[in-house]
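See below for the structure under consideration.
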Amino acid sequence: MEPSYDSAKVAEIHRHLHSHLPSEPALRVKALESLLVEKGLVDPAALDAWIEAYTEEIGPKRGAMVVARAWTDPDFKARLLADAGAAVDEMGFAGQASGHLQAVENTDAVHNLVVCTLCSCYPFAILGMAPPWYKANEYRARAVRDPRGVLAEFGVALEPEIAVRVWDSTAELRYMVVPQRPAGTEGFSVEALAALVTRNAMIGTDRDLAAGGA
Amino acid sequence: MEPSYDSAKVAEIHRHLHSHLPSEPALRVKALESLLVEKGLVDPAALDAWIEAYTEEIGPKRGAMVVARAWTDPDFKARLLADAGAAVDEMGFAGQASGHLQAVENTDAVHNLVVCTLCSCYPFAILGMAPPWYKANEYRARAVRDPRGVLAEFGVALEPEIAVRVWDSTAELRYMVVPQRPAGTEGFSVEALAALVTRNAMIGTDRDLAAGGA
Amino acid sequence: MDGVFDLGGKQGFGPVDRAHEDEPYHSEADARAYALSVAARGERAYPIDWFRHTRENMVPTDYLTRPYFDQWLQTTLAMAIDAGDISLDEVISGKADALSRTPDPMRADDVRKALKTPVNFEREATSAPAFAVGDTVRTDHQGKPGHSRLPAYARGATGTVHAHRGAHLLPDAGAQGAHVPEHLYTVGFAARDLFPEVETNDTIYLDLWESYFVRR
Amino acid sequence: MDGVFDLGGKQGFGPVDRAHEDEPYHSEADARAYALSVAARGERAYPIDWFRHTRENMVPTDYLTRPYFDQWLQTTLAMAIDAGDISLDEVISGKADALSRTPDPMRADDVRKALKTPVNFEREATSAPAFAVGDTVRTDHQGKPGHSRLPAYARGATGTVHAHRGAHLLPDAGAQGAHVPEHLYTVGFAARDLFPEVETNDTIYLDLWESYFVRR
């Protein structure tokens with residue numbers, strides 16, 4: 001059936017759920033899984049398909065491949081920075097939340113950091129599941145107000161001359177950071193380069209990748 | 001010793017207390033009472049004096065006496081509306097948070113409502129302890145944005161022509177509402193009138209007092 | 001809507017906890033909650049903006065304390081109850097009413113297809129863009145009554161248009177079931193213009209729709 | 001400071017719960033927490049603004065979920081630890097270090113005196129007031145870095161001066177241990193100028209210091 005689009009109505013439903021569902025997350029999810037399957041709202045095979053996709057197939061290795069290719073293929077890099085959605089589609093990685101992907105590039109003078117302060121928007125198709133900290137109140141609250149403080153906690157000590165650009169993804173645009181290629185990786189294969197790219201570097205909470213791997 | 005006036009330092013102390021104190025309020029207060037008494041930071045007799053003052057002596061009966069006198073003594077009412085702190089001092093009720101008291105008067109055309117959205121400032125000396133709802137997130141969030149909705153929950157159905165004035169006490173000014181004297185109370189004694197004045201009427205979540213008592 | 005979900009720039013939050021950062025799910029319950037939430041939403045008429053707004057309407061302390069996918073699951077459930085796909089009584093009792101089975105859930109094949117299919121939110125513009133790259137823009141000093149995407153920290157603030165993204169579906173309308181294309185801009189704000197204590201020259205970029213700006 | 005304590009106008013909160021409204025304390029623990037909090041604060045150098053600001057710096061979810069006087073007690077404790085009147089180790093272990101007893105707590109007579117003695121926050125002005133009753137004023141669109149008393153819902157808003165209250169101690173300075181008198185005004189704001197969905201002609205009054213306004 002159709003949604004009511006009535007804020008007050010869903011707020012009241014939430015208050016009922018707050019009062020009546022088990023408080024412990026594991027108990028809650030167990031009770032709801034039985035009910036939703038019994039009710040026919042979910043197919044158990046679909047549940048497995050969702051979980052497996054992000055356990056086995058989709059994850060930050062995709063983003064790392066995109067970055068490594070950008071490091072080694074200037075034409076691809078130009079396409080990536082111009083239209084990242086199309087560029088990742090080219091590599092067969094189009095999927096959830098990749099439709100309006102934007103790639104932003106770190107340089108000696110610029111460091112990029114991605115956050116979603118209003119919920120937790122994330123480019124699932126190329127980075128997989130967001131790490132818990134990305135979805136946490138602390139990161140959402142602090143990344144826009146004190147990005148350098150947050151970066152320091154992640155071990156990234158930025159000199160004052162390096163400008164920070166924080167991308168707060170308030171629309172369906174999603175962001176990935178293209179980190180700098182580490183020195184000493186001349187002649188590395190794309191696969192070897194991809195192995196150096198950390199997930200956090202593509203969010204922006206990591207900066208100096210090591211030629212020896214993370 | 002002197003405070004540091006360092007926000008980050010007290011925030012960190014709070015995080016330690018969050019992690020290390022018992023979560024259950026009754027256990028927490030018990031543990032802290034023993035410690036603070038042992039440490040010499042509090043005198044058990046002072047604890048009893050604080051609790052008893054607001055159990056036995058100081059409470060909304062004081063405010064009700066102020067209102068009843070204002071209803072029957074036009075000169076006092078004028079003094080109350082001009083300088084409520086001095087007027088309650090006159091009645092022997094000066095005390096906590098009465099220093100900058102303001103009295104605001106309901107009329108046929110105006111209804112007043114008091115809140116403190118930033119903490120829970122309240123005129124203790126004349127109304128006693130604030131009711132739990134006054135200190136609750138729900139009241140603090142909603143009283144300024146939806147005063148008529150809040151009033152309806154308290155059974156006060158305001159006609160649209162009656163203007164609502166919400167007083168959000170963001171400074172040391174504290175507010176008390178002087179409700180309208182109910183019809184049919186001609187000739188009542190000050191004591192009988194005071195018995196009709198509810199605490200909520202002096203906050204503004206009650207409006208039409210009954211001649212027969214609340 | 002103004003609420004506790006609007007976390008950007010709020011102070012008093014402590015260090016970022018990096019536990020479980022290298023696992024796709026931080027617990028079995030987390031994985032099941034995620035899958036249940038997306039499988040039950042599936043192809044149904046639960047638009048993304050209505051999902052986000054329904055989550056925003058959760059009990060505020062639940063929003064700030066319950067696990068992330070647990071919140072997704074509760075939100076999906078609230079939408080299903082709202083739309084009449086399941087009743088509150090069924091949820092509270094834990095027993096499905098046999099007479100009202102929902103016939104057609106998302107299947108594993110639908111999942112595999114969804115995982116390869118990006119959703120496009122760009123639409124043909126119905127008006128010329130009011131702003132161009134390089135323009136100075138000022139945001140509204142207040143929020144909107146319902147779902148909207150102008151965070152409190154960037155209200156009444158002045159920034160510079162960094163990019164025009166074409167016309168995208170306006171979330172404010174989407175959360176009311178309407179499809180309204182509106183020009184979308186990426187706007188850069190000097191961090192020191194947003195937060196009084198900032199002394200750096202850093203920049204915060206936000207993607208904002210045209211109706212979030214004051215016409216100058 | 002921007003934080004979850006700034007609750008005015010935040011949406012998503014449900015009905016007001018009137019439980020225990022006719023008792024001075026809603027539990028024995030509540031009464032003890034209150035008394036401990038005020039007795040330990042007593043005559044010591046814990047200014048009211050520093051108390052409020054220390055409470056604002058509590059873990060945000062504690063602020064929104066823990067009982068009111070429990071928060072006061074934790075805040076008083078945090079101030080005492082900050083000032084070195086008790087150590088964090090003593091609090092965590094629950095054992096007072098015998099060598100460092102604090103000699104002079106508030107006595108019952110001090111309590112009885114405090115209960116009859118209003119505190120006066122008005123001070124002689126050091127400048128002429130910038131605004132007069134009836135003036136139109138506009139508030140700053142952003143908050144201040146530390147403790148301050150301009151709620152988020154009234155930022156960047158235009159109102160009318162209802163009363164000039166003389167010069168009062170500025171809380172922003174008080175929370176840093178300084179005593180700075182500044183002109184205080186009660187300002188009326190049309191509710192419809194503060195909240196986008198309001199259709200009434202109601203008025204919200206706020207007590208605001210002169211530095212919270214933009215000079216026009």
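Scheme for the structure tokens: letters A, B, ... for chains in order shown; per-chain residue numbers from 1; ligand numbers from 1 in order shown.
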Interface list for chain C, partner chain D, 7 Å threshold, only C-alpha atoms, as a PyMOL selection string: chain C and resi 1-4+10-13+57-61+64+141+143-145+156+196-197
Long-range neighbours of stretch 67-75 of chain B as a list in words, 7 Å cut-off, only C-alpha atoms, 2 positions minimum in chain: Gly63, Ala64, Met65, Lys77, Ala78, Arg79, Val178, Arg181, Val190, Leu193 and Ala194 of chain B
Those selected residues, please, written with C-alpha atoms and delivered as a PDB file, in the first residue's frame.
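Result written to selection.pdb:
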ATOM      1  CA  GLY B  63       3.548  31.405  44.519  1.00  0.00           C
ATOM      2  CA  ALA B  64      -0.148  30.827  45.110  1.00  0.00           C
ATOM      3  CA  MET B  65      -0.061  33.278  48.038  1.00  0.00           C
ATOM      4  CA  LYS B  77      -0.219  43.661  41.953  1.00  0.00           C
ATOM      5  CA  ALA B  78       1.273  46.819  40.466  1.00  0.00           C
ATOM      6  CA  ARG B  79       4.454  46.289  42.496  1.00  0.00           C
ATOM      7  CA  VAL B 178      -0.176  35.443  37.145  1.00  0.00           C
ATOM      8  CA  ARG B 181      -8.875  35.168  38.962  1.00  0.00           C
ATOM      9  CA  VAL B 190      -6.747  35.452  50.352  1.00  0.00           C
ATOM     10  CA  LEU B 193      -8.082  32.176  46.745  1.00  0.00           C
ATOM     11  CA  ALA B 194      -4.540  30.824  47.118  1.00  0.00           C
TER      12      ALA B 194
END
Contacts of stretch 16-28 of chain C within 12 Å, only C-alpha atoms, excl. fewer than 2 positions in-chain, as a PyMOL selection string: (chain A and resi 25-27+29-30+50-60+124+127-143+147+149-154+198-200+205) or (chain C and resi 13-14+30-35+67-70)
Within 8 Å of chain D: residues of chain A, using only C-alpha atoms, as a PyMOL selection string: chain A and resi 11-12+15
D:Arg215 surroundings by only C-alpha atoms, 12 Å radius, close-in-sequence under 5 positions cut, as a PyMOL selection string: chain D and resi 130-131+135-140+210
Shell of 8 Å around D:Met106, only C-alpha atoms, local chain residues under 5 positions omitted, as an MDAnalysis selection string: (chainID B and resid 42:43 46) or (chainID D and resid 39:40 42:43 111)
How would the residues just picked look written out with all heavy atoms as an mmCIF file, in the first residue's frame?
data_model
loop_
_atom_site.group_PDB
_atom_site.id
_atom_site.type_symbol
_atom_site.label_atom_id
_atom_site.label_comp_id
_atom_site.auth_asym_id
_atom_site.auth_seq_id
_atom_site.Cartn_x
_atom_site.Cartn_y
_atom_site.Cartn_z
ATOM 1 N N VAL B 42 30.950 17.166 51.476
ATOM 2 C CA VAL B 42 29.593 17.486 51.927
ATOM 3 C C VAL B 42 29.384 17.056 53.372
ATOM 4 O O VAL B 42 29.939 16.058 53.831
ATOM 5 C CB VAL B 42 28.480 16.844 51.055
ATOM 6 C CG1 VAL B 42 28.510 17.342 49.619
ATOM 7 C CG2 VAL B 42 28.536 15.335 51.084
ATOM 8 N N ASP B 43 28.554 17.839 54.039
ATOM 9 C CA ASP B 43 28.171 17.576 55.420
ATOM 10 C C ASP B 43 26.770 16.942 55.384
ATOM 11 O O ASP B 43 25.849 17.539 54.814
ATOM 12 C CB ASP B 43 28.140 18.937 56.142
ATOM 13 C CG ASP B 43 27.617 18.837 57.562
ATOM 14 O OD1 ASP B 43 27.118 17.762 57.958
ATOM 15 O OD2 ASP B 43 27.683 19.876 58.262
ATOM 16 N N ALA B 46 23.863 19.149 55.993
ATOM 17 C CA ALA B 46 23.520 20.084 54.925
ATOM 18 C C ALA B 46 22.636 19.396 53.887
ATOM 19 O O ALA B 46 21.691 19.985 53.359
ATOM 20 C CB ALA B 46 24.792 20.632 54.271
ATOM 21 N N ALA D 39 24.913 20.760 47.832
ATOM 22 C CA ALA D 39 25.742 20.839 49.042
ATOM 23 C C ALA D 39 27.227 20.840 48.684
ATOM 24 O O ALA D 39 28.032 21.541 49.295
ATOM 25 C CB ALA D 39 25.427 19.680 49.987
ATOM 26 N N ALA D 40 27.601 20.061 47.676
ATOM 27 C CA ALA D 40 29.019 20.009 47.301
ATOM 28 C C ALA D 40 29.436 21.270 46.550
ATOM 29 O O ALA D 40 30.586 21.682 46.605
ATOM 30 C CB ALA D 40 29.301 18.763 46.464
ATOM 31 N N GLY D 42 28.012 24.351 47.043
ATOM 32 C CA GLY D 42 28.032 25.285 48.146
ATOM 33 C C GLY D 42 28.678 26.633 47.878
ATOM 34 O O GLY D 42 28.400 27.307 46.897
ATOM 35 N N GLU D 43 29.566 27.010 48.759
ATOM 36 C CA GLU D 43 30.178 28.331 48.722
ATOM 37 C C GLU D 43 31.423 28.332 47.836
ATOM 38 O O GLU D 43 32.163 29.302 47.774
ATOM 39 C CB GLU D 43 30.614 28.742 50.138
ATOM 40 C CG GLU D 43 29.551 28.596 51.203
ATOM 41 C CD GLU D 43 28.752 29.877 51.392
ATOM 42 O OE1 GLU D 43 29.361 30.948 51.546
ATOM 43 O OE2 GLU D 43 27.509 29.795 51.368
ATOM 44 N N VAL D 111 23.128 26.464 54.385
ATOM 45 C CA VAL D 111 22.009 26.105 53.511
ATOM 46 C C VAL D 111 20.825 27.010 53.803
ATOM 47 O O VAL D 111 20.237 27.612 52.904
ATOM 48 C CB VAL D 111 21.604 24.624 53.700
ATOM 49 C CG1 VAL D 111 20.356 24.303 52.869
ATOM 50 C CG2 VAL D 111 22.764 23.700 53.332
#
Neighbour list for D:Thr200 as a list of chain:residue names, cut-off 12 Å, only C-alpha atoms, skip fewer than 4 positions in-chain: B:Arg145, B:Asp146, B:Pro147, B:Arg148, B:Leu158, B:Glu159, B:Pro160, B:Glu161, B:Ile162, B:Ala163, B:Val164, B:Arg165, D:Ala190, D:Ala191, D:Arg192, D:Asp193, D:Leu194, D:Phe195, D:Pro196, D:Ile204
